[in-house]
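Source file: run05.txt (compact mmCIF, C-alpha atoms and all ligand atoms)
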```
# COMPACT_ATOMS: atom_id res chain seq x y z
CA MET A 1 78.03 95.01 87.86
CA LEU A 2 79.95 98.11 88.91
CA GLU A 3 80.18 101.37 87.02
CA CYS A 4 82.07 104.43 88.22
CA GLN A 5 81.53 107.55 86.09
CA ALA A 6 83.78 110.62 86.33
CA LEU A 7 84.42 110.19 90.06
CA THR A 8 86.03 113.07 91.89
CA ARG A 9 86.56 113.16 95.64
CA THR A 10 87.80 116.31 97.29
CA TYR A 11 88.46 116.51 101.03
CA SER A 12 88.11 119.95 102.56
CA GLU A 13 90.90 120.50 105.02
CA GLY A 14 90.49 123.93 106.59
CA PRO A 15 91.33 126.56 104.01
CA ARG A 16 92.84 123.99 101.63
CA ASP A 17 91.04 121.45 99.48
CA LEU A 18 92.67 118.13 98.72
CA THR A 19 91.43 116.39 95.58
CA VAL A 20 92.22 112.72 95.94
CA LEU A 21 90.40 111.25 92.92
CA HIS A 22 90.23 113.12 89.61
CA ASN A 23 87.46 112.36 87.14
CA LEU A 24 87.94 108.62 87.33
CA SER A 25 85.81 106.20 85.30
CA LEU A 26 85.87 102.42 85.26
CA SER A 27 83.57 99.47 85.05
CA VAL A 28 83.73 95.89 86.27
CA ARG A 29 81.67 93.08 84.76
CA ALA A 30 79.88 90.33 86.67
CA GLY A 31 82.33 87.61 87.61
CA GLU A 32 85.33 89.79 86.87
CA ARG A 33 88.18 90.19 89.34
CA VAL A 34 90.04 93.49 89.32
CA ALA A 35 93.07 94.48 91.38
CA VAL A 36 93.66 98.14 92.23
CA VAL A 37 97.31 98.96 92.87
CA GLY A 38 99.22 102.18 93.40
CA SER A 39 101.54 103.84 95.86
CA SER A 40 100.49 104.81 99.36
CA GLY A 41 98.19 107.84 99.26
CA SER A 42 97.23 107.38 95.60
CA GLY A 43 93.54 107.11 96.51
CA LYS A 44 92.88 103.34 96.52
CA THR A 45 90.94 103.18 99.79
CA THR A 46 89.06 106.36 98.90
CA LEU A 47 87.98 104.72 95.65
CA LEU A 48 86.95 101.50 97.40
CA ASN A 49 84.89 103.46 99.95
CA LEU A 50 83.05 105.24 97.13
CA MET A 51 82.38 101.92 95.36
CA GLY A 52 80.89 100.49 98.55
CA GLY A 53 78.81 103.55 99.37
CA LEU A 54 80.75 104.13 102.59
CA ASP A 55 81.59 107.61 101.32
CA ARG A 56 79.97 109.86 98.72
CA PRO A 57 81.81 111.35 95.72
CA THR A 58 82.18 115.13 95.38
CA SER A 59 81.03 114.61 91.79
CA GLY A 60 80.43 111.66 89.52
CA SER A 61 78.40 108.53 90.10
CA VAL A 62 78.68 104.93 91.24
CA ARG A 63 76.25 102.25 90.03
CA VAL A 64 76.18 98.75 91.46
CA GLY A 65 74.07 96.26 89.51
CA GLY A 66 72.52 99.23 87.68
CA GLU A 67 71.43 101.00 90.89
CA SER A 68 72.81 104.50 91.42
CA LEU A 69 74.11 104.83 94.99
CA ALA A 70 73.52 108.60 94.86
CA GLY A 71 69.79 107.95 94.65
CA LEU A 72 69.73 106.10 97.97
CA GLY A 73 69.36 107.75 101.39
CA GLU A 74 71.47 106.51 104.31
CA ALA A 75 69.03 103.82 105.50
CA ALA A 76 68.37 102.53 101.97
CA LEU A 77 72.09 102.58 101.27
CA GLY A 78 72.71 100.47 104.39
CA ARG A 79 70.14 97.92 103.21
CA PHE A 80 71.60 97.96 99.69
CA ARG A 81 75.11 97.33 101.01
CA ASN A 82 73.90 94.51 103.21
CA ARG A 83 72.14 92.87 100.26
CA TYR A 84 74.59 93.33 97.40
CA ILE A 85 78.06 94.16 98.67
CA GLY A 86 80.55 92.18 100.75
CA PHE A 87 83.56 93.77 102.45
CA VAL A 88 86.91 92.31 103.53
CA TYR A 89 89.51 94.50 105.20
CA GLN A 90 93.18 94.11 106.10
CA PHE A 91 92.20 93.83 109.74
CA HIS A 92 89.31 91.40 109.77
CA HIS A 93 86.96 93.49 111.99
CA LEU A 94 85.42 90.41 113.54
CA LEU A 95 83.54 90.91 116.80
CA ALA A 96 85.68 89.56 119.66
CA GLU A 97 82.79 88.30 121.79
CA PHE A 98 81.18 86.34 118.97
CA THR A 99 82.20 82.93 117.65
CA ALA A 100 83.32 82.39 114.04
CA VAL A 101 79.88 81.16 113.00
CA GLU A 102 78.11 84.05 114.76
CA ASN A 103 80.43 86.53 113.07
CA ALA A 104 79.91 84.95 109.65
CA ALA A 105 76.13 84.93 110.18
CA LEU A 106 75.96 88.59 111.20
CA PRO A 107 75.06 90.15 107.80
CA LEU A 108 72.07 87.77 107.60
CA ILE A 109 70.97 88.50 111.18
CA ILE A 110 71.18 92.24 110.42
CA ARG A 111 68.96 91.57 107.43
CA GLY A 112 66.38 90.01 109.75
CA GLN A 113 66.97 86.34 109.05
CA ARG A 114 66.36 83.85 111.88
CA LYS A 115 69.50 82.94 113.86
CA ARG A 116 69.14 79.22 113.10
CA GLU A 117 68.89 79.69 109.34
CA ALA A 118 71.58 82.37 109.27
CA GLU A 119 74.01 80.15 111.18
CA LYS A 120 73.24 77.19 108.93
CA ARG A 121 74.20 79.28 105.89
CA ALA A 122 77.23 80.71 107.76
CA LEU A 123 78.40 77.17 108.57
CA ALA A 124 78.21 76.25 104.88
CA LEU A 125 80.41 79.26 104.05
CA LEU A 126 82.84 78.40 106.86
CA ALA A 127 83.09 74.92 105.35
CA ARG A 128 83.91 76.51 101.97
CA VAL A 129 86.84 78.37 103.53
CA GLY A 130 87.97 75.28 105.48
CA MET A 131 86.93 76.61 108.87
CA GLU A 132 83.98 74.40 109.82
CA ASP A 133 86.00 72.77 112.62
CA ARG A 134 86.64 76.16 114.21
CA ALA A 135 83.09 77.48 113.95
CA ASP A 136 82.69 77.78 117.74
CA HIS A 137 86.00 79.55 118.30
CA LYS A 138 86.18 83.26 119.04
CA PRO A 139 88.54 85.46 116.96
CA GLY A 140 91.06 85.60 119.84
CA GLU A 141 91.46 81.82 119.54
CA LEU A 142 92.19 81.91 115.80
CA SER A 143 95.33 82.67 113.79
CA GLY A 144 95.51 85.73 111.51
CA GLY A 145 94.90 83.63 108.40
CA GLU A 146 91.97 81.83 110.04
CA ARG A 147 90.38 85.14 111.06
CA GLN A 148 90.73 86.38 107.51
CA ARG A 149 89.03 83.22 106.24
CA VAL A 150 86.12 83.88 108.62
CA ALA A 151 85.99 87.48 107.33
CA ILE A 152 85.80 86.15 103.75
CA ALA A 153 82.98 83.76 104.76
CA ARG A 154 81.15 86.73 106.33
CA ALA A 155 81.58 88.78 103.14
CA LEU A 156 80.17 85.98 100.97
CA VAL A 157 77.38 84.77 103.27
CA THR A 158 74.78 87.06 101.65
CA ASP A 159 75.74 85.90 98.13
CA PRO A 160 76.67 89.48 97.14
CA SER A 161 77.00 90.85 93.60
CA LEU A 162 80.19 92.70 94.45
CA VAL A 163 82.96 92.00 96.96
CA LEU A 164 85.33 94.82 97.90
CA MET A 165 88.61 93.90 99.55
CA ASP A 166 91.12 96.30 101.10
CA GLU A 167 94.51 94.63 101.54
CA PRO A 168 93.02 91.22 102.34
CA THR A 169 96.48 89.66 102.75
CA GLY A 170 98.13 92.80 104.12
CA ASN A 171 98.94 91.62 107.63
CA LEU A 172 99.59 87.95 106.82
CA ASP A 173 102.90 86.16 106.32
CA GLN A 174 103.70 84.97 102.80
CA THR A 175 102.60 81.35 103.30
CA THR A 176 99.29 82.32 104.89
CA ALA A 177 98.75 84.96 102.21
CA GLY A 178 99.32 82.21 99.61
CA THR A 179 96.60 80.08 101.22
CA ILE A 180 94.15 83.00 101.18
CA LEU A 181 95.05 83.72 97.56
CA ALA A 182 94.36 80.11 96.51
CA LEU A 183 91.07 80.21 98.42
CA MET A 184 90.03 83.44 96.70
CA ASP A 185 90.85 81.91 93.30
CA ALA A 186 88.65 78.90 94.07
CA LEU A 187 85.78 81.00 95.43
CA ALA A 188 85.87 83.43 92.51
CA LYS A 189 85.72 80.58 89.98
CA GLU A 190 82.49 79.26 91.43
CA SER A 191 80.78 82.63 91.82
CA ALA A 192 79.35 85.20 89.41
CA CYS A 193 80.19 87.97 91.83
CA ALA A 194 82.63 90.76 90.87
CA PHE A 195 85.70 91.35 93.03
CA VAL A 196 87.64 94.60 93.46
CA ILE A 197 90.80 94.08 95.47
CA VAL A 198 93.04 96.88 96.67
CA THR A 199 96.48 95.48 97.29
CA HIS A 200 100.21 96.13 97.55
CA ASP A 201 100.84 92.40 97.04
CA PRO A 202 102.10 91.80 93.46
CA ASP A 203 101.20 88.07 93.64
CA LEU A 204 97.63 88.82 94.58
CA ALA A 205 97.35 91.51 91.87
CA ALA A 206 98.78 89.20 89.20
CA HIS A 207 96.11 86.58 89.98
CA GLN A 208 93.24 88.90 89.01
CA ASP A 209 91.71 89.34 85.54
CA ARG A 210 92.76 92.98 85.33
CA VAL A 211 95.09 95.33 87.20
CA LEU A 212 94.17 99.01 87.53
CA LYS A 213 96.99 101.32 88.54
CA LEU A 214 96.15 104.49 90.42
CA ASP A 215 98.58 107.37 90.45
CA ALA A 216 97.73 110.57 92.29
CA GLY A 217 94.03 109.84 91.96
CA GLN A 218 94.05 108.99 88.27
CA LEU A 219 93.95 105.70 86.45
CA LEU A 220 97.31 105.08 84.76
CA ALA A 221 96.93 101.74 83.09
CA GLN A 222 94.54 98.87 82.70
CA ASP A 223 96.40 95.61 82.02
N1 LIG B 301 88.88 111.72 105.52
C1 LIG B 301 89.94 112.30 104.95
N2 LIG B 301 90.18 113.64 105.09
C2 LIG B 301 91.24 114.20 104.50
N3 LIG B 301 92.13 113.56 103.73
C3 LIG B 301 91.96 112.22 103.55
C4 LIG B 301 90.87 111.53 104.16
N4 LIG B 301 90.96 110.22 103.80
C5 LIG B 301 92.05 110.11 103.02
N5 LIG B 301 92.66 111.31 102.87
C6 LIG B 301 93.86 111.59 102.07
O1 LIG B 301 93.60 111.14 100.75
C7 LIG B 301 94.78 110.59 100.15
C8 LIG B 301 94.47 109.20 99.63
O2 LIG B 301 94.18 108.33 100.72
P1 LIG B 301 93.81 106.80 100.53
O3 LIG B 301 93.62 106.22 101.88
O4 LIG B 301 92.70 106.69 99.56
O5 LIG B 301 95.15 106.25 99.86
P2 LIG B 301 95.62 104.76 99.58
O6 LIG B 301 96.06 104.70 98.16
O7 LIG B 301 94.54 103.80 99.99
O8 LIG B 301 96.86 104.64 100.54
P3 LIG B 301 97.48 103.37 101.35
O9 LIG B 301 98.04 102.43 100.30
O10 LIG B 301 98.53 103.98 102.20
O11 LIG B 301 96.35 102.75 102.15
C9 LIG B 301 95.84 110.63 101.23
O12 LIG B 301 96.66 111.76 100.98
C10 LIG B 301 95.07 110.80 102.51
O13 LIG B 301 95.81 111.50 103.47
```

Rewrite the structure of this file - the entire thing - as structure tokens.
Amino acid sequence: MLECQALTRTYSEGPRDLTVLHNLSLSVRAGERVAVVGSSGSGKTTLLNLMGGLDRPTSGSVRVGGESLAGLGEAALGRFRNRYIGFVYQFHHLLAEFTAVENAALPLIIRGQRKREAEKRALALLARVGMEDRADHKPGELSGGERQRVAIARALVTDPSLVLMDEPTGNLDQTTAGTILALMDALAKESACAFVIVTHDPDLAAHQDRVLKLDAGQLLAQD
């Protein structure tokens, strides 16, 4: 489902170049859940951005479902992301003026689906994350854990092949993080989609099928 081949990412900072990822290769099968761990600055977010086509590698390639992201121009890449990839971030990035159901429906609206149909599907996803009763609430009226559940519903609403998560439990207390973790376990079991989860949370990492450790932009171990 995901194949990274010899990825290198170098940032040019004035006269100095900073190479953050060094010749990194990995693959993730359909339905597999992989945690990416490593100390701060080791390149985890950089890697996730390359996997999601939010950034382009200096060299190497990323394939999602067999499609090479390098072969897609910006507009096609945007459509590809919308169709095949779901994103969940540490800070949910929900739109403050929109209700939970409108936020969760957004990827489908962007794709051109009718509002009614998109919101019907979004409501089904909100029900899956236990948020159907709060569908008409705006993010400001929800707790941190509830917002993150809406963000997960939004990521899954398009039935993506790959879900990329950057610290999904990062700003939640331990109990709320535990609830999100249990929810992710349940969702992953019933889906063929691959998950890549960047995390500092050892509990969350231990729940995945595999743990990849990044150290200074290189893969140290695959447990
Ligand atoms: N756009 C950029 N320009 C220059 N340097 C960058 C840029 N983005 C990231 N870096 C640098 O690349 C290195 C890796 O950053 P990255 O965000 O991938 O690390 P991380 O492992 O996700 O860290 P954290 O756990 O703190 O989020 C850091 O040294 C960072 O300062």

List all protein, DNA and RNA residues that have any atom at most 8 Å from ligand LIG 301 (chain B), counting only C-alpha atoms and all ligand atoms, and write the list as a ChimeraX atom specification.
-> /A:11-13,18-20,37-47,198-200,214,217

Residues as selected, C-alpha atoms, written as a PDB file, in the frame of the given file, can you do that?
```
ATOM      1  CA  TYR A  11      88.460 116.510 101.030  1.00  0.00           C
ATOM      2  CA  SER A  12      88.110 119.950 102.560  1.00  0.00           C
ATOM      3  CA  GLU A  13      90.900 120.500 105.020  1.00  0.00           C
ATOM      4  CA  LEU A  18      92.670 118.130  98.720  1.00  0.00           C
ATOM      5  CA  THR A  19      91.430 116.390  95.580  1.00  0.00           C
ATOM      6  CA  VAL A  20      92.220 112.720  95.940  1.00  0.00           C
ATOM      7  CA  VAL A  37      97.310  98.960  92.870  1.00  0.00           C
ATOM      8  CA  GLY A  38      99.220 102.180  93.400  1.00  0.00           C
ATOM      9  CA  SER A  39     101.540 103.840  95.860  1.00  0.00           C
ATOM     10  CA  SER A  40     100.490 104.810  99.360  1.00  0.00           C
ATOM     11  CA  GLY A  41      98.190 107.840  99.260  1.00  0.00           C
ATOM     12  CA  SER A  42      97.230 107.380  95.600  1.00  0.00           C
ATOM     13  CA  GLY A  43      93.540 107.110  96.510  1.00  0.00           C
ATOM     14  CA  LYS A  44      92.880 103.340  96.520  1.00  0.00           C
ATOM     15  CA  THR A  45      90.940 103.180  99.790  1.00  0.00           C
ATOM     16  CA  THR A  46      89.060 106.360  98.900  1.00  0.00           C
ATOM     17  CA  LEU A  47      87.980 104.720  95.650  1.00  0.00           C
ATOM     18  CA  VAL A 198      93.040  96.880  96.670  1.00  0.00           C
ATOM     19  CA  THR A 199      96.480  95.480  97.290  1.00  0.00           C
ATOM     20  CA  HIS A 200     100.210  96.130  97.550  1.00  0.00           C
ATOM     21  CA  LEU A 214      96.150 104.490  90.420  1.00  0.00           C
ATOM     22  CA  GLY A 217      94.030 109.840  91.960  1.00  0.00           C
TER      23      GLY A 217
END
```

Using all atoms listed in the file, what residues lie at most 12 Å away from (97.3, 93.3, 95.7) (file coordinates), given as a PyMOL selection string?
-> chain A and resi 33-39+44+90+165-170+177-178+181+196-208+210-213

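Excluding A:Ile180 itself and same-chain residues fewer than 6 positions from it, the residues having an atom within 10 Å of it are Val129, Gly145, Glu146, Gln148, Arg149, Ile152, Pro168, Thr169, Leu172, Gln174, Ala186 and Leu204 of chain A, counting all atoms listed in the file.
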
Grab the atom CA of A:Lys120 to atom CA of A:Glu32 distance for me, in Å with one decimal place.
->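 Atom CA of A:Lys120 sits 28.1 Å away from atom CA of A:Glu32.
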
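Considering the residues A:Leu183, A:Ala122, A:Leu106, A:Leu164 and counting all atoms listed in the file, A:Leu94 has its shortest atom-to-atom contact with A:Leu106.
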
Protein and nucleic acid residues near (93.2, 107.1, 85.9) (cut-off 8 Å, only C-alpha atoms) as number ranges by chain | A: 22-25, 213-215, 217-221

Check the smallest atom-to-atom distance from each of A:Leu26, A:Ala105, A:Leu7, A:Cys193 to A:Asp55 using all atoms listed in the file, then report the winner.
->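 That would be A:Leu7, the residue with the smallest distance to A:Asp55.
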
Choose the residue, out of A:Val101, A:Ala153, A:Leu72, A:Ala192, that has the smallest atom-to-atom separation from A:Ala118; count all atoms listed in the file.
->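 Comparing A:Val101, A:Ala153, A:Leu72, A:Ala192 against A:Ala118, the winner is A:Val101.
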
Among listed residues A:Ala100, A:Met51, A:Ile109, A:Ala194, nearest A:Arg81 (using all atoms listed in the file) = A:Met51

Determine, counting only C-alpha atoms, which protein, DNA and RNA residues have an atom within 10 Å of an atom of A:Thr158; residues of the same chain fewer than 4 positions away are not included. Present the result as a PyMOL selection string.
-> chain A and resi 82-86+104-108+111+118+121-122+125+153-154

Could you name the residues that touch A:Glu74 at 10 Å or less, counting all atoms listed in the file, but leaving out those on the same chain fewer than 5 positions away, as a list in words?
->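 So the residues in contact are Gly53, Leu54, Leu69, Arg79 and Phe80 of chain A.
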
Could you please determine the separation between atom CA of A:Val62 and atom CA of A:Ala155 in Å, to one decimal place?
->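 Interatomic distance, atom CA of A:Val62 to atom CA of A:Ala155: 20.3 Å.
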
Provide the atom CA of A:Met1 to atom CA of A:Val28 distance in Å, to one decimal place.
->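 Calculated distance between atom CA of A:Met1 and atom CA of A:Val28 is 6.0 Å.
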
Give, as lines of an AutoDock Vina configuration file, the centre coordinates and the x, y and z edge lengths in Å to one decimal for an axis-aligned box around all listed atoms of stretch 146-161 of chain A, padded by 4 Å on each side.
```
center_x = 83.4
center_y = 86.3
center_z = 102.3
size_x = 25.2
size_y = 17.0
size_z = 25.5
```

Tell me, as a ChimeraX atom specification, which residues lie within 8 Å of A:Ser59, counting all atoms listed in the file; anything in the same chain fewer than 3 positions away does not count.
-> /A:6-9

Residue nearest A:Asn49 among A:Gly31, A:Ser161, A:Gly73, A:Leu21 (counting all atoms listed in the file) |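 For A:Asn49, the nearest of the given residues is A:Leu21.
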
Which residue out of A:Ser143, A:Ser191, A:Gln5, A:Ser61 has the minimum interatomic distance to A:Asp173 when all atoms listed in the file are used?
-> A:Ser143
